[in-house]
Structures are given as C-alpha cells and as structure tokens.
Amino acid sequence: MTATSYAVEEPVGTPPEEVTPDQIVTQETSSTAVEGPVMSAQEMAAERELNALPEVTGEGDVGTQRCDNPYKKWYALSGRKKNYHIPSWWNGTSYKDGPGGTMTVEVTKSGKISLELSGTISAEAGVLLAKAKTEFGAKVVGELGIGTGHKYTQRIKSGYYGHMRYGSWGEKYNWVKYETSANRCGKKKLGSGSVKMPTKEEGWRYWETRT
C-alpha cells in the first residue's frame with residue numbers, strides 16, 4: 001500500500017455497534033431530508049397516562065373489575081442511543097485499507113438513508129418517528145439524502161487496518177407496542193423490537209482492526 005493511495009471499497013465488514021468518540025471523524029448537516037410527522041401535546045399526554053397502567057397478560061382481564069380508560073394501541077420508546085451511526089449500505093460509501101499508512105475515501109454514489117425497523121411484529125415507522133420527536137425532542141427525520149463527494153483522509157495506526165463507512169449520525173431506540181386490556185385497567189404487550197432513525201447529521205465513521 002502506498003501512503004497516498006485511495007482506499008479500496010470494502011464489500012463486507014461489520015463495525016462494533018457501540019460508537020466511541022474517536023470513531024466520529026466527520027460530521028456535517030444535510031440539506032436534503034424528509035422531516036416526517038409529529039404528535040400533538042394532547043396525544044402525547046393521553047399515551048403517557050395509558051403507559052402508566054400495569055402490564056397484564058390475558059389472565060389480567062378475568063373478573064368483574066372495569067375501568068374507564070379508552071381502548072387504544074400505542075408504542076413506548078426506551079433505551080435511547082444518540083450518535084448512533086446508520087450506514088449507507090450502497091456501494092461507494094464503505095472502504096478498507098492498510099495495514100498502516102493513510103487512507104483517502106470519497107462518497108462516489110448518491111442514495112437515501114431511511115428509518116430501519118426490526119421486531120417480533122410489524123410496526124408503524126411514522127408513528128415511532130413522531131413519538132421520538134415529540135417525547136424526546138429528537139431531531140430525527142424519516143429519510144436523509146446522501147450526495148456524492150465528502151472526501152476525507154485518515155492516518156491508520158501501524159499494523160492495523162482502517163475501516164471507513166459513510167452514513168447518518170442518527171439515534172436508536174427500543175420499542176414496545178401495547179394495547180389497552182379488555183377490562184381497560186391495564187396494558188397488554190403486543191410485540192417489541194428496535195428502530196434506527198436518521199438525523200440531518202451525516203459523516204464518516206472510522207474504526208480499526210488487526211485484520
């Protein structure tokens with residue numbers, strides 16, 4: 001490897017999930033994003049009251065007790081992680097070089113980064129986005145446009161391989177979907193999962209490995 005060569009595109013390689021401060025090597029604000037919906041203060045207050053209900057199983061509805069809570073399905077978010085890197089998975093945005101030396105990278109293809117969902121049941125992306133924006137004041141967006149360019153040079157520690165991946169500095173949450181129990185006195189869990197939401201902040205993430 002020559003010290004001034006461009007890094008080669010890396011088709012594989014998974015970075016550690018936890019992002020350390022030294023891995024945030026560039027950060028800039030995009031002007032191309034789809035903001036997405038927000039919740040009203042009244043909707044948020046109503047969900048807060050329902051979320052405070054005790055969680056029950058099917059057996060929790062047995063008996064004569066009845067409450068006057070409304071029937072509703074809703075989501076609860078927890079485990080917020082900021083500066084969570086959501087990579088742009090298309091070619092031209094992920095590179096590896098080394099061992100040692102200097103790597104130079106550049107985004108060669110444009111594309112879009114959208115909200116990513118996983119879980120035991122399907123979930124509504126727009127509802128989760130609105131909840132994160134309203135409850136946590138998160139500056140998350142439904143979709144982020146990535147353009148070409150964003151050239152960057154990074155020195156690699158001797159004996160190590162450098163990895164560089166472009167994406168959005170977004171946020172990650174755990175979600176649970178509930179519904180009001182049949183007797184309206186509790187909440188029943190319908191499913192759970194995680195969601196990764198982009199923000200307007202984008203940039204390169206860098207990490208090193210021995211191989």
# chains A, B, ... in the order shown; residues from 1 in each chain; ligands from 1

call {"tool": "closest_atom_pairs", "arguments": {"of": "segment 18-46 of chain A", "to": "segment 68-84 of chain A", "cutoff": "10 Å", "atoms": "only C-alpha atoms", "output": "JSON lines"}}
result
{"residue": "A:Glu18", "atom": "CA", "partner": "A:Tyr84", "partner_atom": "CA", "distance": 7.8}
{"residue": "A:Val19", "atom": "CA", "partner": "A:Tyr84", "partner_atom": "CA", "distance": 6.7}
{"residue": "A:Thr20", "atom": "CA", "partner": "A:Asn83", "partner_atom": "CA", "distance": 9.3}
{"residue": "A:Pro21", "atom": "CA", "partner": "A:Asn83", "partner_atom": "CA", "distance": 9.1}
{"residue": "A:Ile24", "atom": "CA", "partner": "A:Asn83", "partner_atom": "CA", "distance": 8.6}
{"residue": "A:Ala46", "atom": "CA", "partner": "A:Pro70", "partner_atom": "CA", "distance": 9.4}

call {"tool": "select_by_dssp", "arguments": {"residues": "segment 1-209 of chain A", "states": "alpha helix (DSSP H)", "output": "list in words"}}
result
Ala41, Gln42, Glu43, Met44, Ala45, Ala46, Glu47, Arg48, Glu49, Leu50, Asn51, Ala125, Gly126, Val127, Leu128, Leu129, Ala130, Lys131, Ala132, Lys133, Thr134 and Glu135 of chain A

call {"tool": "write_last_selection", "arguments": {"atoms": "N, CA and C atoms", "output": "mmCIF file, in the first residue's frame"}}
result
data_model
loop_
_atom_site.group_PDB
_atom_site.id
_atom_site.type_symbol
_atom_site.label_atom_id
_atom_site.label_comp_id
_atom_site.auth_asym_id
_atom_site.auth_seq_id
_atom_site.Cartn_x
_atom_site.Cartn_y
_atom_site.Cartn_z
ATOM 1 N N ALA A 41 -49.557 17.583 21.618
ATOM 2 C CA ALA A 41 -49.377 17.504 23.067
ATOM 3 C C ALA A 41 -50.485 16.681 23.709
ATOM 4 N N GLN A 42 -51.692 16.774 23.170
ATOM 5 C CA GLN A 42 -52.824 16.007 23.709
ATOM 6 C C GLN A 42 -52.629 14.505 23.489
ATOM 7 N N GLU A 43 -52.158 14.134 22.299
ATOM 8 C CA GLU A 43 -51.898 12.717 22.015
ATOM 9 C C GLU A 43 -50.806 12.175 22.925
ATOM 10 N N MET A 44 -49.784 12.961 23.140
ATOM 11 C CA MET A 44 -48.678 12.530 23.990
ATOM 12 C C MET A 44 -49.140 12.345 25.426
ATOM 13 N N ALA A 45 -49.953 13.268 25.924
ATOM 14 C CA ALA A 45 -50.444 13.185 27.295
ATOM 15 C C ALA A 45 -51.327 11.957 27.483
ATOM 16 N N ALA A 46 -52.182 11.668 26.494
ATOM 17 C CA ALA A 46 -53.065 10.505 26.586
ATOM 18 C C ALA A 46 -52.262 9.209 26.621
ATOM 19 N N GLU A 47 -51.224 9.127 25.804
ATOM 20 C CA GLU A 47 -50.396 7.919 25.781
ATOM 21 C C GLU A 47 -49.595 7.774 27.070
ATOM 22 N N ARG A 48 -49.187 8.885 27.665
ATOM 23 C CA ARG A 48 -48.454 8.826 28.932
ATOM 24 C C ARG A 48 -49.318 8.209 30.026
ATOM 25 N N GLU A 49 -50.565 8.584 30.044
ATOM 26 C CA GLU A 49 -51.486 8.030 31.048
ATOM 27 C C GLU A 49 -51.685 6.529 30.840
ATOM 28 N N LEU A 50 -51.874 6.112 29.595
ATOM 29 C CA LEU A 50 -52.071 4.692 29.315
ATOM 30 C C LEU A 50 -50.807 3.896 29.598
ATOM 31 N N ASN A 51 -49.659 4.476 29.314
ATOM 32 C CA ASN A 51 -48.400 3.766 29.523
ATOM 33 C C ASN A 51 -48.115 3.532 31.004
ATOM 34 N N ALA A 125 -43.606 2.915 11.139
ATOM 35 C CA ALA A 125 -42.425 3.769 11.166
ATOM 36 C C ALA A 125 -42.774 5.221 11.469
ATOM 37 N N GLY A 126 -43.819 5.751 10.819
ATOM 38 C CA GLY A 126 -44.193 7.138 11.016
ATOM 39 C C GLY A 126 -44.609 7.446 12.441
ATOM 40 N N VAL A 127 -45.293 6.495 13.079
ATOM 41 C CA VAL A 127 -45.744 6.696 14.460
ATOM 42 C C VAL A 127 -44.551 6.722 15.407
ATOM 43 N N LEU A 128 -43.596 5.806 15.208
ATOM 44 C CA LEU A 128 -42.398 5.776 16.051
ATOM 45 C C LEU A 128 -41.567 7.045 15.869
ATOM 46 N N LEU A 129 -41.468 7.512 14.639
ATOM 47 C CA LEU A 129 -40.728 8.737 14.357
ATOM 48 C C LEU A 129 -41.371 9.926 15.073
ATOM 49 N N ALA A 130 -42.687 10.038 14.961
ATOM 50 C CA ALA A 130 -43.402 11.140 15.600
ATOM 51 C C ALA A 130 -43.239 11.101 17.116
ATOM 52 N N LYS A 131 -43.252 9.893 17.681
ATOM 53 C CA LYS A 131 -43.125 9.756 19.137
ATOM 54 C C LYS A 131 -41.738 10.183 19.608
ATOM 55 N N ALA A 132 -40.689 9.780 18.874
ATOM 56 C CA ALA A 132 -39.327 10.165 19.252
ATOM 57 C C ALA A 132 -39.154 11.680 19.184
ATOM 58 N N LYS A 133 -39.724 12.303 18.161
ATOM 59 C CA LYS A 133 -39.594 13.747 18.000
ATOM 60 C C LYS A 133 -40.335 14.500 19.105
ATOM 61 N N THR A 134 -41.508 13.993 19.495
ATOM 62 C CA THR A 134 -42.327 14.702 20.469
ATOM 63 C C THR A 134 -41.911 14.404 21.902
ATOM 64 N N GLU A 135 -41.691 13.137 22.213
ATOM 65 C CA GLU A 135 -41.384 12.754 23.601
ATOM 66 C C GLU A 135 -39.952 13.109 23.996
#

call {"tool": "closest_atom_pairs", "arguments": {"of": "segment 147-196 of chain A", "to": "segment 102-116 of chain A", "cutoff": "7 Å", "atoms": "only C-alpha atoms", "output": "tab-separated table"}}
result
residue	atom	partner	partner_atom	distance
A:Gly147	CA	A:Ser110	CA	4.6
A:Thr148	CA	A:Val107	CA	5.0
A:Gly149	CA	A:Val107	CA	5.0
A:His150	CA	A:Glu106	CA	5.5
A:Lys151	CA	A:Glu106	CA	4.2
A:Tyr152	CA	A:Val105	CA	5.4
A:Thr153	CA	A:Thr104	CA	4.3
A:Gln154	CA	A:Met103	CA	5.4
A:Arg155	CA	A:Thr102	CA	4.3
A:Ile156	CA	A:Thr102	CA	5.6
A:Val195	CA	A:Glu116	CA	5.6
A:Lys196	CA	A:Glu116	CA	5.0

call {"tool": "write_last_selection", "arguments": {"atoms": "N, CA and C atoms", "output": "compact mmCIF listing (two decimals), in the first residue's frame"}}
result
# COMPACT_ATOMS: atom_id res chain seq x y z
N GLY A 147 -25.44 12.83 -0.86
CA GLY A 147 -24.88 13.18 -2.15
C GLY A 147 -23.46 12.65 -2.31
N THR A 148 -22.88 12.83 -3.47
CA THR A 148 -21.51 12.40 -3.72
C THR A 148 -20.52 13.43 -3.17
N GLY A 149 -19.25 13.03 -3.11
CA GLY A 149 -18.22 13.91 -2.56
C GLY A 149 -17.81 13.45 -1.18
N HIS A 150 -17.74 14.37 -0.22
CA HIS A 150 -17.40 14.06 1.18
C HIS A 150 -16.04 13.36 1.26
N LYS A 151 -15.05 13.90 0.61
CA LYS A 151 -13.71 13.32 0.60
C LYS A 151 -13.04 13.50 1.96
N TYR A 152 -12.31 12.47 2.38
CA TYR A 152 -11.67 12.53 3.70
C TYR A 152 -10.43 11.66 3.70
N THR A 153 -9.39 12.11 4.42
CA THR A 153 -8.14 11.35 4.56
C THR A 153 -7.88 11.05 6.03
N GLN A 154 -7.47 9.82 6.30
CA GLN A 154 -7.28 9.36 7.67
C GLN A 154 -5.99 8.54 7.78
N ARG A 155 -5.17 8.84 8.78
CA ARG A 155 -3.99 8.02 9.05
C ARG A 155 -4.40 6.75 9.78
N ILE A 156 -3.75 5.64 9.45
CA ILE A 156 -4.04 4.34 10.06
C ILE A 156 -2.88 3.96 10.98
N VAL A 195 -35.57 0.31 16.61
CA VAL A 195 -35.71 1.20 15.46
C VAL A 195 -34.51 2.13 15.40
N LYS A 196 -33.97 2.31 14.19
CA LYS A 196 -32.86 3.22 13.95
C LYS A 196 -33.38 4.37 13.09

call {"tool": "atom_distance", "arguments": {"atom1": "atom CA of Pro87 of chain A", "atom2": "atom CA of Met197 of chain A"}}
result
11.2 Å

call {"tool": "closest_residue", "arguments": {"among": "A:Glu208, A:Glu143, A:Glu17, A:Glu55", "to": "Ser168 of chain A", "atoms": "only C-alpha atoms"}}
result
A:Glu143

call {"tool": "residues_around", "arguments": {"residues": "Pro15 of chain A", "least_positions_apart": "6", "cutoff": "12 Å", "atoms": "only C-alpha atoms", "output": "list in words"}}
result
Gln23, Tyr84, His85, Ile86, Pro87, Ser94, Tyr95, Lys96, Gly162, His163, Met164, Arg165, Tyr166, Arg205, Tyr206, Trp207, Glu208 and Thr209 of chain A

call {"tool": "residues_around", "arguments": {"residues": "Thr199 of chain A", "least_positions_apart": "2", "cutoff": "7 Å", "atoms": "only C-alpha atoms", "output": "JSON, numbers by chain"}}
result
{"A": [139, 140, 141, 168, 169, 170, 197, 201]}

call {"tool": "select_by_dssp", "arguments": {"residues": "chain A", "states": "strand (DSSP E or B)", "output": "ChimeraX atom specification"}}
result
/A:6,8-9,24,28-29,33-34,55,73-87,94-97,101-107,111-114,116-119,140,143-146,149-156,161-180,187-197,199,201-209

call {"tool": "residues_around", "arguments": {"residues": "Gly203 of chain A", "least_positions_apart": "3", "cutoff": "6 Å", "atoms": "only C-alpha atoms", "output": "NGL selection string"}}
result
:A and (26-27 or 166-167)

call {"tool": "write_last_selection", "arguments": {"atoms": "C-alpha atoms", "output": "tab-separated table (two decimals), in the first residue's frame"}}
result
chain	number	residue	atom	x	y	z
A	26	THR	CA	-16.58	13.88	10.25
A	27	GLN	CA	-19.97	15.42	10.89
A	166	TYR	CA	-20.38	6.90	5.48
A	167	GLY	CA	-23.86	7.33	6.92

call {"tool": "decode", "arguments": {"residues": "segment 85-107 of chain A", "atoms": "C-alpha atoms", "output": "PDB file, in the first residue's frame"}}
result
ATOM      1  CA  HIS A  85     -24.220   5.544  13.091  1.00  0.00           C
ATOM      2  CA  ILE A  86     -26.694   4.334  10.463  1.00  0.00           C
ATOM      3  CA  PRO A  87     -24.567   3.384   7.442  1.00  0.00           C
ATOM      4  CA  SER A  88     -25.428   3.992   3.822  1.00  0.00           C
ATOM      5  CA  TRP A  89     -25.451   0.396   2.613  1.00  0.00           C
ATOM      6  CA  TRP A  90     -24.961   1.013  -1.104  1.00  0.00           C
ATOM      7  CA  ASN A  91     -21.636   0.704  -2.937  1.00  0.00           C
ATOM      8  CA  GLY A  92     -19.287   3.665  -2.949  1.00  0.00           C
ATOM      9  CA  THR A  93     -19.640   4.527   0.754  1.00  0.00           C
ATOM     10  CA  SER A  94     -17.630   1.839   2.609  1.00  0.00           C
ATOM     11  CA  TYR A  95     -13.859   1.317   2.460  1.00  0.00           C
ATOM     12  CA  LYS A  96     -10.942  -0.592   3.969  1.00  0.00           C
ATOM     13  CA  ASP A  97      -7.182  -0.003   3.685  1.00  0.00           C
ATOM     14  CA  GLY A  98      -3.942  -0.970   5.387  1.00  0.00           C
ATOM     15  CA  PRO A  99      -2.087  -2.199   7.237  1.00  0.00           C
ATOM     16  CA  GLY A 100      -0.852   1.198   8.362  1.00  0.00           C
ATOM     17  CA  GLY A 101      -0.359   4.198   6.128  1.00  0.00           C
ATOM     18  CA  THR A 102      -3.009   6.712   5.069  1.00  0.00           C
ATOM     19  CA  MET A 103      -6.404   6.088   3.504  1.00  0.00           C
ATOM     20  CA  THR A 104      -8.351   8.539   1.365  1.00  0.00           C
ATOM     21  CA  VAL A 105     -12.081   7.975   0.842  1.00  0.00           C
ATOM     22  CA  GLU A 106     -14.935   9.665  -1.002  1.00  0.00           C
ATOM     23  CA  VAL A 107     -18.652   9.012  -1.479  1.00  0.00           C
TER      24      VAL A 107
END
